[in-house]
file entry-v3.cif (mmCIF, C-alpha atoms and all ligand atoms)
data_upload
#
loop_
_atom_site.label_atom_id
_atom_site.label_comp_id
_atom_site.auth_asym_id
_atom_site.auth_seq_id
_atom_site.Cartn_x
_atom_site.Cartn_y
_atom_site.Cartn_z
CA ASP A 1 -0.32 -12.50 -15.01
CA PHE A 2 -0.55 -8.74 -14.75
CA TYR A 3 -2.58 -7.06 -12.06
CA ILE A 4 -4.16 -3.65 -12.06
CA GLY A 5 -5.33 -2.86 -8.57
CA THR A 6 -6.98 -0.26 -6.44
CA ALA A 7 -7.27 0.44 -2.75
CA VAL A 8 -10.73 -0.33 -1.39
CA ALA A 9 -12.08 2.50 0.75
CA GLY A 10 -14.08 2.30 3.95
CA GLY A 11 -13.40 1.03 7.45
CA GLY A 12 -10.77 2.68 9.58
CA HIS A 13 -10.28 5.75 7.42
CA HIS A 14 -9.52 9.12 9.00
CA GLU A 15 -12.55 10.70 10.68
CA GLU A 16 -12.26 13.76 8.44
CA GLN A 17 -12.67 11.52 5.42
CA ASN A 18 -16.28 11.88 6.11
CA TYR A 19 -18.09 9.41 3.89
CA PRO A 20 -20.49 6.51 4.41
CA ASP A 21 -19.22 2.99 3.80
CA PRO A 22 -18.93 2.82 0.00
CA PHE A 23 -19.33 -0.92 0.03
CA THR A 24 -22.87 -0.80 1.28
CA SER A 25 -23.96 2.69 0.22
CA ASP A 26 -22.57 3.05 -3.29
CA HIS A 27 -23.49 0.42 -5.84
CA LYS A 28 -21.69 2.30 -8.60
CA TYR A 29 -18.49 2.08 -6.60
CA ARG A 30 -18.90 -1.66 -6.17
CA LYS A 31 -19.59 -2.24 -9.84
CA LYS A 32 -16.64 -0.22 -11.02
CA LEU A 33 -14.46 -1.91 -8.43
CA ALA A 34 -15.57 -5.27 -9.76
CA ARG A 35 -15.22 -4.42 -13.45
CA GLN A 36 -12.11 -2.28 -13.72
CA PHE A 37 -9.61 -4.10 -11.51
CA ASN A 38 -8.19 -7.56 -11.04
CA SER A 39 -6.46 -6.77 -7.75
CA VAL A 40 -7.70 -5.02 -4.62
CA SER A 41 -5.94 -3.69 -1.52
CA PRO A 42 -7.78 -2.94 1.71
CA GLU A 43 -7.01 0.75 2.28
CA ASN A 44 -7.36 0.49 6.08
CA GLN A 45 -9.28 -2.67 6.91
CA MET A 46 -6.28 -4.90 7.63
CA LYS A 47 -4.30 -2.32 9.58
CA TRP A 48 -3.63 -3.03 13.23
CA GLU A 49 -5.97 -0.44 14.73
CA TYR A 50 -8.81 -1.75 12.65
CA ILE A 51 -8.30 -5.50 12.61
CA HIS A 52 -6.83 -5.84 16.13
CA PRO A 53 -8.64 -3.13 18.15
CA GLU A 54 -8.14 -4.69 21.59
CA ARG A 55 -5.54 -7.04 22.93
CA GLY A 56 -6.44 -10.54 21.81
CA GLU A 57 -9.53 -9.28 19.95
CA TYR A 58 -9.69 -9.33 16.20
CA ASN A 59 -12.23 -7.69 13.94
CA PHE A 60 -12.23 -9.41 10.57
CA GLU A 61 -15.58 -8.22 9.28
CA MET A 62 -14.47 -5.64 6.74
CA ALA A 63 -11.37 -7.55 5.69
CA ASP A 64 -13.45 -10.70 5.14
CA ARG A 65 -15.87 -8.71 3.04
CA ILE A 66 -13.12 -7.46 0.76
CA VAL A 67 -11.49 -10.88 0.37
CA ASP A 68 -14.89 -12.49 -0.37
CA PHE A 69 -15.71 -9.74 -2.89
CA ALA A 70 -12.36 -10.25 -4.58
CA GLU A 71 -12.91 -13.99 -4.89
CA ARG A 72 -16.40 -13.61 -6.29
CA ASN A 73 -15.02 -11.21 -8.87
CA GLY A 74 -11.90 -13.13 -9.83
CA GLN A 75 -9.55 -10.63 -8.21
CA VAL A 76 -6.41 -11.12 -6.16
CA VAL A 77 -5.77 -9.28 -2.90
CA ARG A 78 -2.73 -7.36 -1.63
CA GLY A 79 -2.63 -7.55 2.15
CA HIS A 80 -1.69 -4.28 3.86
CA THR A 81 0.05 -4.26 6.37
CA LEU A 82 1.61 -6.24 9.25
CA MET A 83 4.42 -4.17 10.75
CA TRP A 84 4.20 -0.37 10.66
CA HIS A 85 4.68 2.68 12.89
CA SER A 86 1.30 4.19 12.09
CA GLN A 87 -2.37 3.32 12.67
CA ASN A 88 -1.58 1.09 15.60
CA PRO A 89 -4.19 0.69 18.37
CA ALA A 90 -3.77 2.62 21.63
CA TRP A 91 -3.61 -0.60 23.65
CA LEU A 92 -0.43 -1.46 21.79
CA GLU A 93 1.26 1.94 21.60
CA GLU A 94 0.39 2.91 25.15
CA GLY A 95 0.69 -0.50 26.72
CA ASP A 96 3.48 -1.46 29.06
CA PHE A 97 4.86 -4.70 27.66
CA SER A 98 8.11 -6.52 28.16
CA ASP A 99 10.17 -7.32 25.08
CA SER A 100 9.15 -10.94 25.15
CA GLU A 101 5.47 -9.99 25.45
CA LEU A 102 5.78 -7.62 22.49
CA ARG A 103 7.45 -10.29 20.41
CA ALA A 104 4.66 -12.71 21.24
CA ILE A 105 2.05 -10.07 20.40
CA LEU A 106 3.55 -9.43 16.96
CA ARG A 107 4.00 -13.11 16.26
CA ASP A 108 0.43 -13.84 17.27
CA HIS A 109 -0.88 -11.01 15.12
CA ILE A 110 1.03 -12.07 12.01
CA THR A 111 0.19 -15.74 12.50
CA THR A 112 -3.50 -15.00 13.08
CA VAL A 113 -4.08 -12.45 10.33
CA VAL A 114 -1.95 -14.06 7.64
CA GLY A 115 -3.27 -17.48 8.67
CA ARG A 116 -6.89 -16.41 8.40
CA TYR A 117 -6.43 -15.49 4.75
CA LYS A 118 -4.02 -18.28 3.90
CA GLY A 119 -4.03 -19.03 0.19
CA ARG A 120 -6.22 -16.00 -0.52
CA ILE A 121 -3.68 -13.17 -0.46
CA GLN A 122 -1.35 -12.76 -3.42
CA GLN A 123 1.07 -10.29 -1.83
CA TRP A 124 1.51 -9.07 1.72
CA ASP A 125 3.14 -5.77 2.65
CA VAL A 126 4.88 -7.36 5.60
CA THR A 127 6.70 -4.18 6.58
CA ASN A 128 5.53 -0.68 5.73
CA GLU A 129 7.66 2.48 5.87
CA ILE A 130 10.48 1.17 8.05
CA PHE A 131 13.09 3.67 6.77
CA ASP A 132 13.14 7.47 6.96
CA SER A 133 14.15 9.66 4.02
CA GLU A 134 17.82 9.50 5.00
CA GLY A 135 17.76 5.72 4.89
CA ASN A 136 17.82 5.17 8.65
CA LEU A 137 15.49 2.64 10.22
CA ARG A 138 12.64 4.41 12.03
CA THR A 139 13.82 3.21 15.42
CA GLU A 140 12.01 6.00 17.31
CA GLU A 141 8.54 5.87 15.75
CA ASN A 142 8.21 2.19 15.01
CA ILE A 143 7.38 0.35 18.22
CA TRP A 144 8.76 -2.96 16.91
CA LEU A 145 12.10 -1.57 15.77
CA ARG A 146 12.39 0.56 18.90
CA GLU A 147 11.68 -2.18 21.40
CA LEU A 148 12.86 -5.28 19.59
CA GLY A 149 15.63 -4.07 17.25
CA PRO A 150 16.13 -4.57 13.51
CA GLY A 151 16.12 -8.37 13.74
CA ILE A 152 12.34 -8.18 14.05
CA ILE A 153 12.17 -7.44 10.30
CA ALA A 154 13.48 -10.90 9.37
CA ASP A 155 11.31 -12.50 12.06
CA SER A 156 8.20 -10.83 10.65
CA PHE A 157 8.91 -12.25 7.21
CA ARG A 158 9.56 -15.71 8.63
CA TRP A 159 6.33 -15.71 10.66
CA ALA A 160 4.31 -14.51 7.68
CA HIS A 161 5.86 -17.21 5.49
CA GLN A 162 5.05 -19.91 8.02
CA ALA A 163 1.44 -18.76 8.16
CA ASP A 164 1.01 -18.67 4.36
CA PRO A 165 3.85 -20.23 2.37
CA HIS A 166 2.34 -19.15 -0.97
CA ALA A 167 1.92 -15.45 -0.26
CA GLU A 168 4.56 -13.18 -1.78
CA LEU A 169 6.10 -11.11 0.98
CA TYR A 170 6.99 -7.46 0.34
CA LEU A 171 8.89 -4.53 1.77
CA ASN A 172 6.72 -1.46 1.01
CA ASP A 173 7.43 2.27 1.34
CA TYR A 174 6.90 5.73 -0.15
CA GLY A 175 9.60 8.01 -1.51
CA VAL A 176 11.47 5.02 -2.91
CA GLU A 177 10.45 5.52 -6.52
CA SER A 178 13.87 6.96 -7.35
CA ILE A 179 17.37 5.81 -6.59
CA ASN A 180 18.06 7.73 -3.40
CA ALA A 181 19.28 7.23 0.17
CA LYS A 182 16.04 5.56 1.19
CA SER A 183 15.79 3.12 -1.72
CA ASP A 184 19.54 2.42 -1.35
CA ALA A 185 18.82 1.38 2.24
CA TYR A 186 16.14 -1.02 0.96
CA TYR A 187 18.51 -2.37 -1.65
CA GLN A 188 21.07 -3.17 1.04
CA LEU A 189 18.44 -4.60 3.39
CA ALA A 190 17.02 -6.77 0.61
CA LYS A 191 20.47 -8.18 -0.17
CA ASP A 192 21.11 -8.86 3.52
CA LEU A 193 17.76 -10.59 4.01
CA LEU A 194 18.23 -12.73 0.92
CA ALA A 195 21.76 -13.66 2.03
CA ASP A 196 20.24 -14.85 5.31
CA ASP A 197 17.60 -16.92 3.46
CA VAL A 198 14.77 -14.80 4.80
CA PRO A 199 11.57 -15.39 2.78
CA LEU A 200 11.52 -11.99 1.11
CA HIS A 201 9.87 -11.94 -2.31
CA GLY A 202 9.45 -8.35 -3.32
CA PHE A 203 10.06 -4.65 -3.01
CA SER A 204 7.30 -2.17 -3.69
CA THR A 205 7.01 1.55 -3.98
CA GLN A 206 3.80 3.33 -3.05
CA ALA A 207 4.11 6.17 -5.60
CA HIS A 208 2.12 8.89 -3.88
CA LEU A 209 3.23 11.53 -6.36
CA SER A 210 2.57 15.24 -6.65
CA LEU A 211 2.57 17.58 -9.65
CA ASN A 212 4.68 19.89 -7.47
CA TYR A 213 7.60 17.56 -8.04
CA GLY A 214 8.85 16.13 -11.31
CA PHE A 215 8.03 12.55 -12.20
CA PRO A 216 10.71 10.21 -10.78
CA GLY A 217 12.37 9.48 -14.11
CA ASP A 218 14.59 6.73 -12.74
CA LEU A 219 11.66 4.67 -11.41
CA GLU A 220 12.20 1.92 -13.97
CA GLU A 221 15.95 1.81 -13.33
CA ASN A 222 15.30 1.60 -9.60
CA LEU A 223 12.78 -1.24 -9.93
CA ARG A 224 15.18 -3.02 -12.23
CA ARG A 225 17.96 -3.25 -9.67
CA PHE A 226 15.59 -5.04 -7.27
CA ASP A 227 14.38 -7.20 -10.15
CA GLU A 228 18.00 -8.21 -10.74
CA LEU A 229 18.20 -9.46 -7.16
CA GLY A 230 15.49 -11.91 -8.15
CA LEU A 231 12.76 -10.00 -6.32
CA GLY A 232 9.30 -9.13 -7.54
CA THR A 233 8.52 -5.43 -7.72
CA ALA A 234 5.24 -3.57 -7.58
CA ILE A 235 3.69 -0.13 -7.51
CA THR A 236 1.22 -0.29 -4.69
CA GLU A 237 -0.47 3.05 -3.93
CA MET A 238 -0.16 5.36 -6.89
CA ASP A 239 -1.95 8.67 -6.87
CA VAL A 240 -0.97 12.06 -8.27
CA ARG A 241 -2.08 15.05 -6.25
CA MET A 242 -2.00 18.68 -7.21
CA ASP A 243 -2.60 22.14 -5.75
CA LEU A 244 -6.19 22.97 -6.56
CA PRO A 245 -7.04 26.41 -7.93
CA GLU A 246 -9.51 28.47 -5.89
CA SER A 247 -12.41 27.08 -7.90
CA GLY A 248 -11.55 23.67 -6.48
CA GLU A 249 -11.41 22.29 -10.02
CA PRO A 250 -8.13 21.23 -11.63
CA THR A 251 -7.19 22.89 -14.93
CA GLU A 252 -6.96 21.01 -18.23
CA ALA A 253 -3.19 21.45 -18.14
CA GLN A 254 -2.99 19.91 -14.66
CA LEU A 255 -5.11 16.95 -15.74
CA GLU A 256 -2.95 16.35 -18.80
CA LYS A 257 0.20 16.48 -16.71
CA GLN A 258 -1.34 14.09 -14.20
CA ALA A 259 -2.24 11.69 -17.02
CA ASP A 260 1.37 11.73 -18.11
CA TYR A 261 2.54 10.78 -14.58
CA TYR A 262 0.12 7.86 -14.39
CA ARG A 263 1.15 6.71 -17.84
CA GLN A 264 4.83 6.82 -16.94
CA GLY A 265 4.20 4.99 -13.67
CA LEU A 266 2.44 2.13 -15.41
CA SER A 267 4.96 2.12 -18.23
CA ALA A 268 7.88 1.70 -15.81
CA CYS A 269 6.19 -1.31 -14.23
CA LEU A 270 5.33 -2.83 -17.62
CA ASP A 271 8.96 -2.50 -18.68
CA VAL A 272 10.39 -4.39 -15.71
CA GLU A 273 9.90 -8.11 -16.10
CA GLY A 274 9.08 -8.99 -12.50
CA CYS A 275 6.81 -5.98 -11.91
CA ASP A 276 3.39 -7.54 -12.29
CA SER A 277 1.25 -5.54 -9.92
CA PHE A 278 0.28 -1.90 -10.39
CA THR A 279 -2.13 -0.47 -7.83
CA ILE A 280 -3.71 2.97 -7.52
CA TRP A 281 -4.74 4.31 -4.11
CA GLY A 282 -8.44 4.59 -4.88
CA PHE A 283 -10.02 5.24 -8.26
CA THR A 284 -12.42 8.08 -7.46
CA ASP A 285 -11.82 11.39 -5.71
CA LYS A 286 -15.03 10.70 -3.79
CA TYR A 287 -13.10 8.64 -1.23
CA SER A 288 -9.53 9.84 -1.71
CA TRP A 289 -7.34 10.43 1.35
CA VAL A 290 -5.49 13.31 -0.32
CA PRO A 291 -7.63 16.38 0.55
CA VAL A 292 -7.60 15.42 4.24
CA PHE A 293 -3.88 14.74 4.44
CA PHE A 294 -2.50 17.42 2.07
CA GLU A 295 -4.10 20.82 2.58
CA GLY A 296 -5.23 22.56 -0.58
CA GLN A 297 -4.48 19.53 -2.73
CA GLY A 298 -6.72 17.00 -4.38
CA SER A 299 -7.95 15.47 -7.64
CA ALA A 300 -5.33 12.76 -7.15
CA THR A 301 -7.21 9.77 -8.57
CA VAL A 302 -8.31 8.84 -12.09
CA MET A 303 -12.02 9.66 -11.72
CA THR A 304 -13.79 12.68 -10.28
CA GLY A 305 -16.10 12.37 -7.30
CA ASP A 306 -19.02 11.65 -9.64
CA TYR A 307 -17.09 9.00 -11.56
CA THR A 308 -16.26 11.10 -14.61
CA ARG A 309 -13.15 9.60 -16.13
CA LYS A 310 -10.16 11.92 -16.26
CA PRO A 311 -7.40 11.97 -18.88
CA SER A 312 -5.37 9.84 -16.46
CA PHE A 313 -7.97 7.05 -16.66
CA PHE A 314 -7.67 6.96 -20.44
CA ALA A 315 -3.89 7.21 -20.26
CA LEU A 316 -3.72 4.04 -18.17
CA HIS A 317 -5.99 2.20 -20.57
CA GLU A 318 -3.93 3.32 -23.55
CA GLU A 319 -0.69 2.32 -21.90
CA LEU A 320 -2.03 -1.16 -21.23
C1 LIG B 1 -3.97 6.08 4.30
C2 LIG B 1 -5.45 5.90 4.01
O1 LIG B 1 -5.65 6.15 2.64
C3 LIG B 1 -6.29 6.79 4.88
O2 LIG B 1 -7.69 6.51 4.70
C4 LIG B 1 -5.92 6.64 6.34
O3 LIG B 1 -6.64 7.57 7.12
C5 LIG B 1 -4.43 6.85 6.51
O4 LIG B 1 -3.72 5.94 5.69
N1 LIG B 1 0.85 5.05 2.95
C6 LIG B 1 0.24 3.85 3.28
C7 LIG B 1 -1.24 3.82 3.39
O5 LIG B 1 0.90 2.82 3.35
O6 LIG B 1 -1.65 2.86 4.34
C8 LIG B 1 -1.83 5.17 3.72
O7 LIG B 1 -3.25 5.07 3.65
C9 LIG B 1 -1.30 6.22 2.78
C10 LIG B 1 0.20 6.33 2.87
#

call {"tool": "encode", "arguments": {"input": "entry-v3.cif", "output": "structure tokens", "more": "lines below"}}
Ligand code: XIL
result
Amino acid sequence: DFYIGTAVAGGGHHEEQNYPDPFTSDHKYRKKLARQFNSVSPENQMKWEYIHPERGEYNFEMADRIVDFAERNGQVVRGHTLMWHSQNPAWLEEGDFSDSELRAILRDHITTVVGRYKGRIQQWDVTNEIFDSEGNLRTEENIWLRELGPGIIADSFRWAHQADPHAELYLNDYGVESINAKSDAYYQLAKDLLADDVPLHGFSTQAHLSLNYGFPGDLEENLRRFDELGLGTAITEMDVRMDLPESGEPTEAQLEKQADYYRQGLSACLDVEGCDSFTIWGFTDKYSWVPVFFEGQGSATVMTGDYTRKPSFFALHEEL
């Protein structure tokens, strides 16, 4: 009943993440993916722009492949994600739809995607990143919140629940490791949704951390307050990036510090009763999103690009 997961790379990643499909081109990747984890999360393959590239047209190929792989290897799947401001297809963002059309589009998407994998997804990130750092809903960037208002959050959960009554439905975001304005906003939202009998089952924090900031020491305390609401909690996308020296290679001291962050992240989840899913955002630097999205930074995962295990890999094993 405890899940150690990783994001599965390939399909819909940023064009500057210039690598061939690891699933077909990298047998070592597949074997390690099969052996080291009992949960997998499609890194991009279930996002709107990838799975729903044209209006009314779905592309399930890569998502199917991951779900099939997981089943063959006795793994569970975290579905990611149904309602987000980012990685949406142009037809949606640039389309000219009435409110009722948009509602129908979202409902159809959630019903179709969640329904396709009914009974095969352990947890769904129903909403992703709906609050900004001040704890305000992203009503400008998020097409659904902008056009349809905050009530669409509860609707999304209800539609997902109808499509797969056994999937655990999550609110997911970054920067909510600590108790802060943003996680306070989630705490309030969670209470409101539960009071309205919305099928909300969990709150999860991505945990994209950086050695440039201290480890969020109140992570456990934060998870615990959601746990006390009766919600599941999870860490869904942990990585720990760092400024790379000119050589491009991290120093021993950096790697030790990184190991300590990973250890503390896992430890916080282990210490909270309802936190039973701990996922890292990729397990090798070979396919990590970090160097493309954070200039000058890297080495964020637990293995180097040639699969050498870092101190952080051993730290996770020890902590378990
Ligand atoms: C990232 C992927 O890792 C990249 O390959 C992609 O180009 C952009 O998205 N928060 C999330 C994830 O919820 O979906 C993001 O994944 C990382 C930040």

call {"tool": "residues_near_ligand", "arguments": {"input": "entry-v3.cif", "ligand": "ligand LIG 1 (chain B)", "cutoff": "7 Å", "atoms": "all atoms listed in the file", "output": "PyMOL selection string"}}
result
chain A and resi 12-14+43-44+128+173-174+206+288-289

call {"tool": "atom_distance", "arguments": {"input": "entry-v3.cif", "atom1": "CA of Arg55 in chain A", "atom2": "CA of Ile143 in chain A"}}
result
15.6 Å

call {"tool": "residues_around", "arguments": {"input": "entry-v3.cif", "residues": "Glu220 in chain A", "least_positions_apart": "5", "cutoff": "8 Å", "atoms": "only C-alpha atoms", "output": "NGL selection string"}}
result
:A and (268-269 or 271-272)

call {"tool": "residues_around", "arguments": {"input": "entry-v3.cif", "residues": "Asp132 in chain A", "least_positions_apart": "3", "cutoff": "12 Å", "atoms": "all atoms listed in the file", "output": "number ranges by chain"}}
result
A: 85, 128-129, 135-142, 173-176, 180-186

call {"tool": "closest_residue", "arguments": {"input": "entry-v3.cif", "among": "A:Met62, A:Gln17, A:Glu177, A:Gly74", "to": "Ala34 in chain A", "atoms": "only C-alpha atoms"}}
result
A:Gly74

call {"tool": "atom_distance", "arguments": {"input": "entry-v3.cif", "atom1": "CA of Asp285 in chain A", "atom2": "CA of Met303 in chain A"}}
result
6.3 Å

call {"tool": "atom_distance", "arguments": {"input": "entry-v3.cif", "atom1": "CA of Asp196 in chain A", "atom2": "CA of Ala160 in chain A"}}
result
16.1 Å

call {"tool": "residues_around", "arguments": {"input": "entry-v3.cif", "residues": "range 111-121 of chain A", "least_positions_apart": "2", "cutoff": "8 Å", "atoms": "all atoms listed in the file", "output": "mmCIF file with C-alpha atoms, in the frame of the given file"}}
result
data_model
loop_
_atom_site.group_PDB
_atom_site.id
_atom_site.type_symbol
_atom_site.label_atom_id
_atom_site.label_comp_id
_atom_site.auth_asym_id
_atom_site.auth_seq_id
_atom_site.Cartn_x
_atom_site.Cartn_y
_atom_site.Cartn_z
ATOM 1 C CA VAL A 67 -11.490 -10.880 0.370
ATOM 2 C CA VAL A 76 -6.410 -11.120 -6.160
ATOM 3 C CA VAL A 77 -5.770 -9.280 -2.900
ATOM 4 C CA ARG A 78 -2.730 -7.360 -1.630
ATOM 5 C CA GLY A 79 -2.630 -7.550 2.150
ATOM 6 C CA ARG A 107 4.000 -13.110 16.260
ATOM 7 C CA ASP A 108 0.430 -13.840 17.270
ATOM 8 C CA HIS A 109 -0.880 -11.010 15.120
ATOM 9 C CA GLN A 123 1.070 -10.290 -1.830
ATOM 10 C CA TRP A 124 1.510 -9.070 1.720
ATOM 11 C CA TRP A 159 6.330 -15.710 10.660
ATOM 12 C CA ALA A 160 4.310 -14.510 7.680
ATOM 13 C CA GLN A 162 5.050 -19.910 8.020
ATOM 14 C CA ALA A 163 1.440 -18.760 8.160
ATOM 15 C CA ASP A 164 1.010 -18.670 4.360
ATOM 16 C CA HIS A 166 2.340 -19.150 -0.970
ATOM 17 C CA ALA A 167 1.920 -15.450 -0.260
#

call {"tool": "axis_aligned_box", "arguments": {"input": "entry-v3.cif", "around": "range 300-309 of chain A", "padding_each_side": "4 Å", "output": "AutoDock Vina command-line options"}}
result
--center_x -12.2 --center_y 10.8 --center_z -11.6 --size_x 21.7 --size_y 11.9 --size_z 17.0

call {"tool": "residues_around", "arguments": {"input": "entry-v3.cif", "residues": "Gly248 in chain A", "least_positions_apart": "6", "cutoff": "10 Å", "atoms": "all atoms listed in the file", "output": "ChimeraX atom specification"}}
result
/A:296-299

call {"tool": "closest_residue", "arguments": {"input": "entry-v3.cif", "among": "A:Gly230, A:Pro199, A:Gly10, A:Pro311", "to": "Val126 in chain A", "atoms": "all atoms listed in the file"}}
result
A:Pro199

call {"tool": "closest_residue", "arguments": {"input": "entry-v3.cif", "among": "A:Gly149, A:Gly56, A:Pro165, A:Gly265", "to": "Gly217 in chain A", "atoms": "all atoms listed in the file"}}
result
A:Gly265

call {"tool": "residues_near_point", "arguments": {"input": "entry-v3.cif", "point": "(8.2, -1.5, -4.3)", "cutoff": "7 Å", "atoms": "only C-alpha atoms", "output": "count of residues only"}}
result
10

call {"tool": "residues_near_point", "arguments": {"input": "entry-v3.cif", "point": "(-3.9, 0.0, 24.9)", "cutoff": "12 Å", "atoms": "all atoms listed in the file", "output": "ChimeraX atom specification"}}
result
/A:49,52-57,88-97

call {"tool": "closest_residue", "arguments": {"input": "entry-v3.cif", "among": "A:Glu319, A:Glu221, A:Asp68, A:Glu295", "to": "Arg263 in chain A", "atoms": "only C-alpha atoms"}}
result
A:Glu319

call {"tool": "closest_residue", "arguments": {"input": "entry-v3.cif", "among": "A:Ala63, A:Leu244, A:Val290, A:Ile280", "to": "Phe37 in chain A", "atoms": "only C-alpha atoms"}}
result
A:Ile280

call {"tool": "closest_residue", "arguments": {"input": "entry-v3.cif", "among": "A:Phe131, A:Tyr287, A:Tyr262, A:Phe278", "to": "Val40 in chain A", "atoms": "all atoms listed in the file"}}
result
A:Phe278

call {"tool": "residues_around", "arguments": {"input": "entry-v3.cif", "residues": "Lys191 in chain A", "least_positions_apart": "4", "cutoff": "8 Å", "atoms": "only C-alpha atoms", "output": "number ranges by chain"}}
result
A: 187, 195, 229

call {"tool": "decode", "arguments": {"input": "entry-v3.cif", "residues": "range 61-87 of chain A", "atoms": "C-alpha atoms", "output": "compact mmCIF listing (two decimals), in the first residue's frame"}}
result
# COMPACT_ATOMS: atom_id res chain seq x y z
CA GLU A 61 -1.52 5.72 -28.40
CA MET A 62 1.16 6.80 -25.94
CA ALA A 63 -1.16 6.86 -22.95
CA ASP A 64 -2.39 3.35 -23.77
CA ARG A 65 1.19 2.18 -24.00
CA ILE A 66 2.01 3.48 -20.54
CA VAL A 67 -1.13 2.04 -18.94
CA ASP A 68 -0.51 -1.35 -20.61
CA PHE A 69 3.14 -1.30 -19.49
CA ALA A 70 2.08 -0.50 -15.94
CA GLU A 71 -0.38 -3.38 -15.86
CA ARG A 72 2.11 -5.86 -17.23
CA ASN A 73 4.56 -4.78 -14.56
CA GLY A 74 2.17 -4.65 -11.61
CA GLN A 75 2.27 -0.87 -11.36
CA VAL A 76 -0.46 1.67 -10.70
CA VAL A 77 -0.89 4.82 -12.76
CA ARG A 78 -1.36 8.46 -11.74
CA GLY A 79 -3.34 10.26 -14.43
CA HIS A 80 -2.07 13.76 -15.24
CA THR A 81 -4.01 16.02 -15.89
CA LEU A 82 -7.57 17.07 -16.81
CA MET A 83 -7.95 20.78 -16.13
CA TRP A 84 -4.91 23.06 -16.45
CA HIS A 85 -3.86 26.41 -17.94
CA SER A 86 -0.83 25.00 -19.75
CA GLN A 87 -0.15 22.57 -22.61
